[in-house]
Amino acid sequence: MTRKRTILIAFVAVLGVLGLTERFLEREAAAQAKDMVQAPRFEVDPMFPKPLPNNWVLGQAIGVGVDAQDHIWIVHRQDSLVPSEAGADQDPPISTCCKKAPPVLEFDQQGNLLRHWGGPAAGYDWPASNHGIFIDHKGNVWIGGNVGTDSHVLKFTQDGKFIAQFGKPGESKGSNDTENFFRVAKIFVDPKDNEAYLADGYGNKRVAVIDADTGKMKRYWGAYGNKPDDTNTGAYNPDAPLIQQFRSPVHCAELSNDGQVYVCDRPNDRLQVFTKDGKFVKEVRVAPKTLGDGSTWDIAFSKDPQQKYLYLADGKNERIYIMDRASLEILSQFGDGGRQPGQFFAVHSIVTDSRGNIFTTETYEGRRLQKFAFKGVQMVPRNQGVVWPK
């Protein structure tokens with residue numbers, strides 16, 4: 001074989017290898033493109049919030065809200081802390097660390113603690129187990145409760161001065177009671193109509209709408225807009241036909257800018273959408289094989305005027321879903337189970353500030369507040385995993 005022929009054969013072989021490599025890379029690029037989607041991207045801020053003063057520690061962080069100044073408010077359960085976690089609060093103290101933080105805490109955007117208050121006092125009935133916090137258009141702070149005798153909601157100023165109590169502890173007469181509630185999970189106040197939407201919730205199986213000043217019941221409804229029925233429907237079975245009632249807890253009732261009410265039917269693994277009058281519009285099932293606590297824990301909206309994206313916290317599967325609000329399609333997701341920044345243990349509540357940043361709190365043994373900085377809408381993986389800063 002001549003030297004020229006050897007070179008020619010080698011050259012042809014190289015071209016063949018290059019061709020195969022090019023086709024392989026094209027297939028890889030196509031596969032990666034299929035796994036990418038245009039959606040919001042976030043990065044966890046591992047420096048938020050700053051350490052609490054006074055050796056304070058958090059119990060189950062059971063609600064998060066944002067006010068007009070973009071301050072972040074949380075409510076947590078002091079009594080979920082066991083003696084070994086709050087040794088300095090024992091009588092006598094068993095250690096120098098730590099102490100239970102006050103139930104209501106306010107932070108600025110840098111994670112500095114600004115105000116703190118809450119707990120039992122004369123003039124009102126602090127919930128046996130507080131649940132959810134919302135700051136309305138007048139600056140008032142609303143708090144619900146989710147166990148035992150919690151048949152009421154409370155309203156305070158931002159300095160913790162008591163304003164009003166709607167409902168009486170231990171007086172609930174069920175899901176068709178127009179005077180009391182039963183273990184309200186979350187509250188949203190509509191600034192246009194000055195109406196409070198209650199996810200009512202852990203005992204009842206309804207959305208209740210009240211006048212935000214007087215507490216007078218204006219309307220209420222159950223799943224699919226049906227009249228609520230408190231009949232025990234048994235445990236959730238993902239393979240059974242969808243039941244026509246909510247299953248406790250009804251965990252959120254959030255109003256969008258265009259007047260649609262999004263309701264978290266948590267143990268049924270579904271999100272239902274209604275008009276403000278309670279007319280059923282549509283629903284979506286999310287991770288429908290999820291048992292136990294269910295998948296639909298809380299929602300928040302993106303901050304563009306159209307609220308194009310919906311963020312859904314799934315505290316059982318430990319992730320945040322990024323959904324197209326119009327279609328309710330899951331576009332992407334982030335998070336994972338764990339205790340490091342960007343991971344979750346029972347991610348319970350979620351809110352967005354005016355800049356589009358996400359804030360979450362965690363219940364059970366999670367017991368913390370996290371911030372996820374909005375980095376714009378761009379091409380992202382469908383599963384972003386732990387969104388650690390780049």
# chains A, B, ... in the order shown; residues from 1 in each chain; ligands from 1
$ residues_around --residues "Asn257 of chain A" --least-positions-apart "6" --cutoff "12 Å" --atoms "only C-alpha atoms" --output "count of residues only"
15
$ residues_around --residues "segment 348-353 of chain A" --least-positions-apart "3" --cutoff "9 Å" --atoms "only C-alpha atoms" --output "ChimeraX atom specification"
/A:61-68,70-72,132,297-303,311-315,345,356-363
$ residues_around --residues "Arg247 of chain A" --least-positions-apart "5" --cutoff "10 Å" --atoms "only C-alpha atoms" --output "ChimeraX atom specification"
/A:201-206,222-223,230-236,265-269
$ write_last_selection --atoms "all heavy atoms" --output "short mmCIF file (atom, residue, chain, number, x, y, z; two decimals), in the first residue's frame"
data_model
loop_
_atom_site.label_atom_id
_atom_site.label_comp_id
_atom_site.auth_asym_id
_atom_site.auth_seq_id
_atom_site.Cartn_x
_atom_site.Cartn_y
_atom_site.Cartn_z
N GLY A 201 -60.94 24.72 56.51
CA GLY A 201 -59.53 24.67 56.40
C GLY A 201 -59.11 23.32 56.96
O GLY A 201 -59.07 22.33 56.25
N TYR A 202 -58.85 23.27 58.25
CA TYR A 202 -58.40 22.07 58.93
C TYR A 202 -59.54 21.33 59.62
O TYR A 202 -59.46 20.13 59.85
CB TYR A 202 -57.33 22.41 59.97
CG TYR A 202 -55.93 22.32 59.44
CD1 TYR A 202 -55.34 23.41 58.83
CD2 TYR A 202 -55.19 21.16 59.54
CE1 TYR A 202 -54.05 23.34 58.34
CE2 TYR A 202 -53.90 21.07 59.05
CZ TYR A 202 -53.33 22.17 58.45
OH TYR A 202 -52.05 22.09 57.95
N GLY A 203 -60.59 22.07 59.96
CA GLY A 203 -61.77 21.44 60.54
C GLY A 203 -62.92 21.48 59.56
O GLY A 203 -63.54 20.46 59.24
N ASN A 204 -63.23 22.69 59.04
CA ASN A 204 -64.23 22.82 57.99
C ASN A 204 -63.64 22.45 56.64
O ASN A 204 -62.43 22.26 56.50
CB ASN A 204 -64.77 24.26 57.96
CG ASN A 204 -65.63 24.57 59.16
OD1 ASN A 204 -66.21 23.68 59.77
ND2 ASN A 204 -65.72 25.85 59.50
N LYS A 205 -64.52 22.38 55.63
CA LYS A 205 -64.09 21.99 54.28
C LYS A 205 -64.62 23.01 53.28
O LYS A 205 -65.42 22.70 52.41
CB LYS A 205 -64.62 20.58 53.95
CG LYS A 205 -64.10 19.51 54.90
CD LYS A 205 -64.69 18.16 54.59
CE LYS A 205 -64.19 17.08 55.54
NZ LYS A 205 -64.78 15.76 55.28
N ARG A 206 -64.14 24.24 53.42
CA ARG A 206 -64.71 25.31 52.61
C ARG A 206 -63.73 26.48 52.45
O ARG A 206 -62.74 26.59 53.17
CB ARG A 206 -65.98 25.84 53.25
CG ARG A 206 -65.75 26.55 54.58
CD ARG A 206 -67.03 27.09 55.20
NE ARG A 206 -66.79 27.75 56.47
CZ ARG A 206 -67.74 28.33 57.20
NH1 ARG A 206 -69.00 28.31 56.80
NH2 ARG A 206 -67.44 28.93 58.35
N GLY A 222 -67.71 24.93 48.85
CA GLY A 222 -66.84 23.76 48.94
C GLY A 222 -66.25 23.43 47.58
O GLY A 222 -66.29 24.23 46.64
N ALA A 223 -65.69 22.24 47.45
CA ALA A 223 -65.08 21.80 46.20
C ALA A 223 -66.09 21.87 45.06
O ALA A 223 -67.29 21.61 45.25
CB ALA A 223 -64.55 20.38 46.34
N ASP A 230 -69.65 17.90 55.63
CA ASP A 230 -68.63 17.43 56.56
C ASP A 230 -68.59 15.92 56.73
O ASP A 230 -67.90 15.40 57.62
CB ASP A 230 -68.84 18.09 57.94
CG ASP A 230 -68.51 19.57 57.91
OD1 ASP A 230 -67.60 19.96 57.16
OD2 ASP A 230 -69.17 20.34 58.63
N THR A 231 -69.29 15.19 55.88
CA THR A 231 -69.25 13.73 55.95
C THR A 231 -67.82 13.23 55.76
O THR A 231 -67.10 13.71 54.88
CB THR A 231 -70.15 13.12 54.86
OG1 THR A 231 -71.49 13.57 55.05
CG2 THR A 231 -70.12 11.60 54.91
N ASN A 232 -67.42 12.30 56.59
CA ASN A 232 -66.07 11.72 56.49
C ASN A 232 -65.96 10.93 55.19
O ASN A 232 -66.68 9.96 54.97
CB ASN A 232 -65.80 10.82 57.69
CG ASN A 232 -64.35 10.34 57.74
OD1 ASN A 232 -63.62 10.40 56.77
ND2 ASN A 232 -63.95 9.88 58.91
N THR A 233 -65.05 11.35 54.32
CA THR A 233 -64.88 10.70 53.02
C THR A 233 -63.78 9.65 53.03
O THR A 233 -63.47 9.05 51.99
CB THR A 233 -64.56 11.75 51.94
OG1 THR A 233 -63.44 12.55 52.36
CG2 THR A 233 -65.75 12.67 51.71
N GLY A 234 -63.15 9.43 54.18
CA GLY A 234 -62.10 8.42 54.27
C GLY A 234 -60.78 8.90 53.71
O GLY A 234 -60.63 10.05 53.29
N ALA A 235 -59.83 8.01 53.69
CA ALA A 235 -58.48 8.36 53.24
C ALA A 235 -58.43 8.54 51.72
O ALA A 235 -59.20 7.94 50.99
CB ALA A 235 -57.49 7.29 53.67
N TYR A 236 -57.52 9.37 51.29
CA TYR A 236 -57.34 9.62 49.85
C TYR A 236 -56.81 8.37 49.15
O TYR A 236 -55.88 7.72 49.61
CB TYR A 236 -56.35 10.77 49.68
CG TYR A 236 -55.88 11.00 48.26
CD1 TYR A 236 -56.75 11.45 47.28
CD2 TYR A 236 -54.54 10.79 47.91
CE1 TYR A 236 -56.31 11.69 45.98
CE2 TYR A 236 -54.09 11.03 46.62
CZ TYR A 236 -54.98 11.47 45.66
OH TYR A 236 -54.54 11.70 44.37
N ASP A 265 -56.33 22.08 47.77
CA ASP A 265 -57.01 20.91 48.35
C ASP A 265 -55.91 19.90 48.63
O ASP A 265 -55.72 18.94 47.87
CB ASP A 265 -58.05 20.39 47.37
CG ASP A 265 -58.96 19.32 47.98
OD1 ASP A 265 -58.85 19.08 49.20
OD2 ASP A 265 -59.77 18.74 47.23
N ARG A 266 -55.19 20.09 49.72
CA ARG A 266 -53.89 19.47 49.92
C ARG A 266 -53.91 17.93 49.90
O ARG A 266 -53.18 17.32 49.13
CB ARG A 266 -53.27 19.99 51.23
CG ARG A 266 -51.80 19.70 51.34
CD ARG A 266 -51.22 20.33 52.60
NE ARG A 266 -51.25 19.39 53.72
CZ ARG A 266 -50.78 19.67 54.94
NH1 ARG A 266 -50.27 20.86 55.19
NH2 ARG A 266 -50.82 18.76 55.90
N PRO A 267 -54.71 17.27 50.72
CA PRO A 267 -54.63 15.80 50.72
C PRO A 267 -55.18 15.17 49.44
O PRO A 267 -54.89 14.00 49.16
CB PRO A 267 -55.49 15.39 51.92
CG PRO A 267 -55.67 16.64 52.72
CD PRO A 267 -55.63 17.75 51.75
N ASN A 268 -55.98 15.92 48.66
CA ASN A 268 -56.47 15.42 47.38
C ASN A 268 -55.49 15.68 46.23
O ASN A 268 -55.82 15.39 45.06
CB ASN A 268 -57.83 16.04 47.04
CG ASN A 268 -58.96 15.39 47.81
OD1 ASN A 268 -58.91 14.21 48.13
ND2 ASN A 268 -59.99 16.16 48.12
N ASP A 269 -54.33 16.26 46.53
CA ASP A 269 -53.29 16.50 45.52
C ASP A 269 -53.83 17.30 44.34
O ASP A 269 -53.50 17.03 43.18
CB ASP A 269 -52.71 15.17 45.00
CG ASP A 269 -51.97 14.40 46.07
OD1 ASP A 269 -51.57 15.00 47.08
OD2 ASP A 269 -51.79 13.17 45.89
#
$ closest_residue --among "A:Asn112, A:Ser295, A:Asp177, A:Ile187" --to "Ile143 of chain A" --atoms "only C-alpha atoms"
A:Ile187
$ residues_around --residues "Lys161 of chain A" --least-positions-apart "5" --cutoff "10 Å" --atoms "only C-alpha atoms" --output "mmCIF file with all heavy atoms, in the first residue's frame"
data_model
loop_
_atom_site.group_PDB
_atom_site.id
_atom_site.type_symbol
_atom_site.label_atom_id
_atom_site.label_comp_id
_atom_site.auth_asym_id
_atom_site.auth_seq_id
_atom_site.Cartn_x
_atom_site.Cartn_y
_atom_site.Cartn_z
ATOM 1 N N TRP A 117 -43.423 40.229 68.210
ATOM 2 C CA TRP A 117 -44.494 40.286 69.200
ATOM 3 C C TRP A 117 -45.352 39.026 69.080
ATOM 4 O O TRP A 117 -45.045 38.139 68.306
ATOM 5 C CB TRP A 117 -45.365 41.537 69.030
ATOM 6 C CG TRP A 117 -45.840 41.830 67.620
ATOM 7 C CD1 TRP A 117 -45.227 42.631 66.712
ATOM 8 C CD2 TRP A 117 -47.028 41.342 66.971
ATOM 9 N NE1 TRP A 117 -45.939 42.671 65.526
ATOM 10 C CE2 TRP A 117 -47.047 41.887 65.666
ATOM 11 C CE3 TRP A 117 -48.060 40.486 67.348
ATOM 12 C CZ2 TRP A 117 -48.081 41.617 64.753
ATOM 13 C CZ3 TRP A 117 -49.084 40.215 66.441
ATOM 14 C CH2 TRP A 117 -49.077 40.776 65.168
ATOM 15 N N GLY A 118 -46.431 38.990 69.835
ATOM 16 C CA GLY A 118 -47.398 37.909 69.707
ATOM 17 C C GLY A 118 -47.469 37.014 70.925
ATOM 18 O O GLY A 118 -46.627 37.064 71.819
ATOM 19 N N ASN A 140 -52.713 45.805 58.147
ATOM 20 C CA ASN A 140 -53.108 44.953 59.262
ATOM 21 C C ASN A 140 -52.534 43.550 59.102
ATOM 22 O O ASN A 140 -52.393 43.042 57.988
ATOM 23 C CB ASN A 140 -54.631 44.866 59.351
ATOM 24 C CG ASN A 140 -55.273 46.225 59.530
ATOM 25 O OD1 ASN A 140 -54.783 47.057 60.294
ATOM 26 N ND2 ASN A 140 -56.372 46.463 58.822
ATOM 27 N N VAL A 141 -52.251 42.907 60.224
ATOM 28 C CA VAL A 141 -51.668 41.573 60.247
ATOM 29 C C VAL A 141 -52.728 40.578 60.704
ATOM 30 O O VAL A 141 -53.288 40.713 61.797
ATOM 31 C CB VAL A 141 -50.450 41.517 61.194
ATOM 32 C CG1 VAL A 141 -49.847 40.118 61.202
ATOM 33 C CG2 VAL A 141 -49.399 42.554 60.791
ATOM 34 N N LYS A 155 -56.813 39.888 64.070
ATOM 35 C CA LYS A 155 -56.258 40.988 63.274
ATOM 36 C C LYS A 155 -55.556 41.965 64.220
ATOM 37 O O LYS A 155 -56.118 42.374 65.236
ATOM 38 C CB LYS A 155 -57.366 41.672 62.478
ATOM 39 C CG LYS A 155 -56.878 42.770 61.557
ATOM 40 C CD LYS A 155 -57.923 43.162 60.504
ATOM 41 C CE LYS A 155 -59.138 43.818 61.106
ATOM 42 N NZ LYS A 155 -59.983 44.456 60.070
ATOM 43 N N PHE A 156 -54.318 42.348 63.853
ATOM 44 C CA PHE A 156 -53.497 43.236 64.665
ATOM 45 C C PHE A 156 -52.923 44.360 63.799
ATOM 46 O O PHE A 156 -52.886 44.262 62.569
ATOM 47 C CB PHE A 156 -52.313 42.471 65.279
ATOM 48 C CG PHE A 156 -52.686 41.356 66.206
ATOM 49 C CD1 PHE A 156 -52.901 40.065 65.719
ATOM 50 C CD2 PHE A 156 -52.801 41.578 67.561
ATOM 51 C CE1 PHE A 156 -53.224 39.022 66.576
ATOM 52 C CE2 PHE A 156 -53.127 40.543 68.432
ATOM 53 C CZ PHE A 156 -53.346 39.264 67.944
#
$ atom_distance --atom1 "atom CA of Pro249 of chain A" --atom2 "atom CA of Asn237 of chain A"
15.8 Å
$ atom_distance --atom1 "atom CA of Ala373 of chain A" --atom2 "atom CA of Arg355 of chain A"
8.8 Å
$ atom_distance --atom1 "atom CA of Phe182 of chain A" --atom2 "atom CA of Asp293 of chain A"
18.9 Å
$ select_by_dssp --residues "segment 41-285 of chain A" --states "strand (DSSP E or B)" --output "PyMOL selection string"
chain A and resi 41-44+56-57+60-66+72-77+99-100+104-107+113-117+130-135+141-145+153-156+162-166+184-190+195-200+206-211+217-221+250-255+260-265+270-275+280-285
$ closest_residue --among "A:Arg319, A:Arg285, A:Arg382, A:Arg339" --to "Pro238 of chain A" --atoms "only C-alpha atoms"
A:Arg285
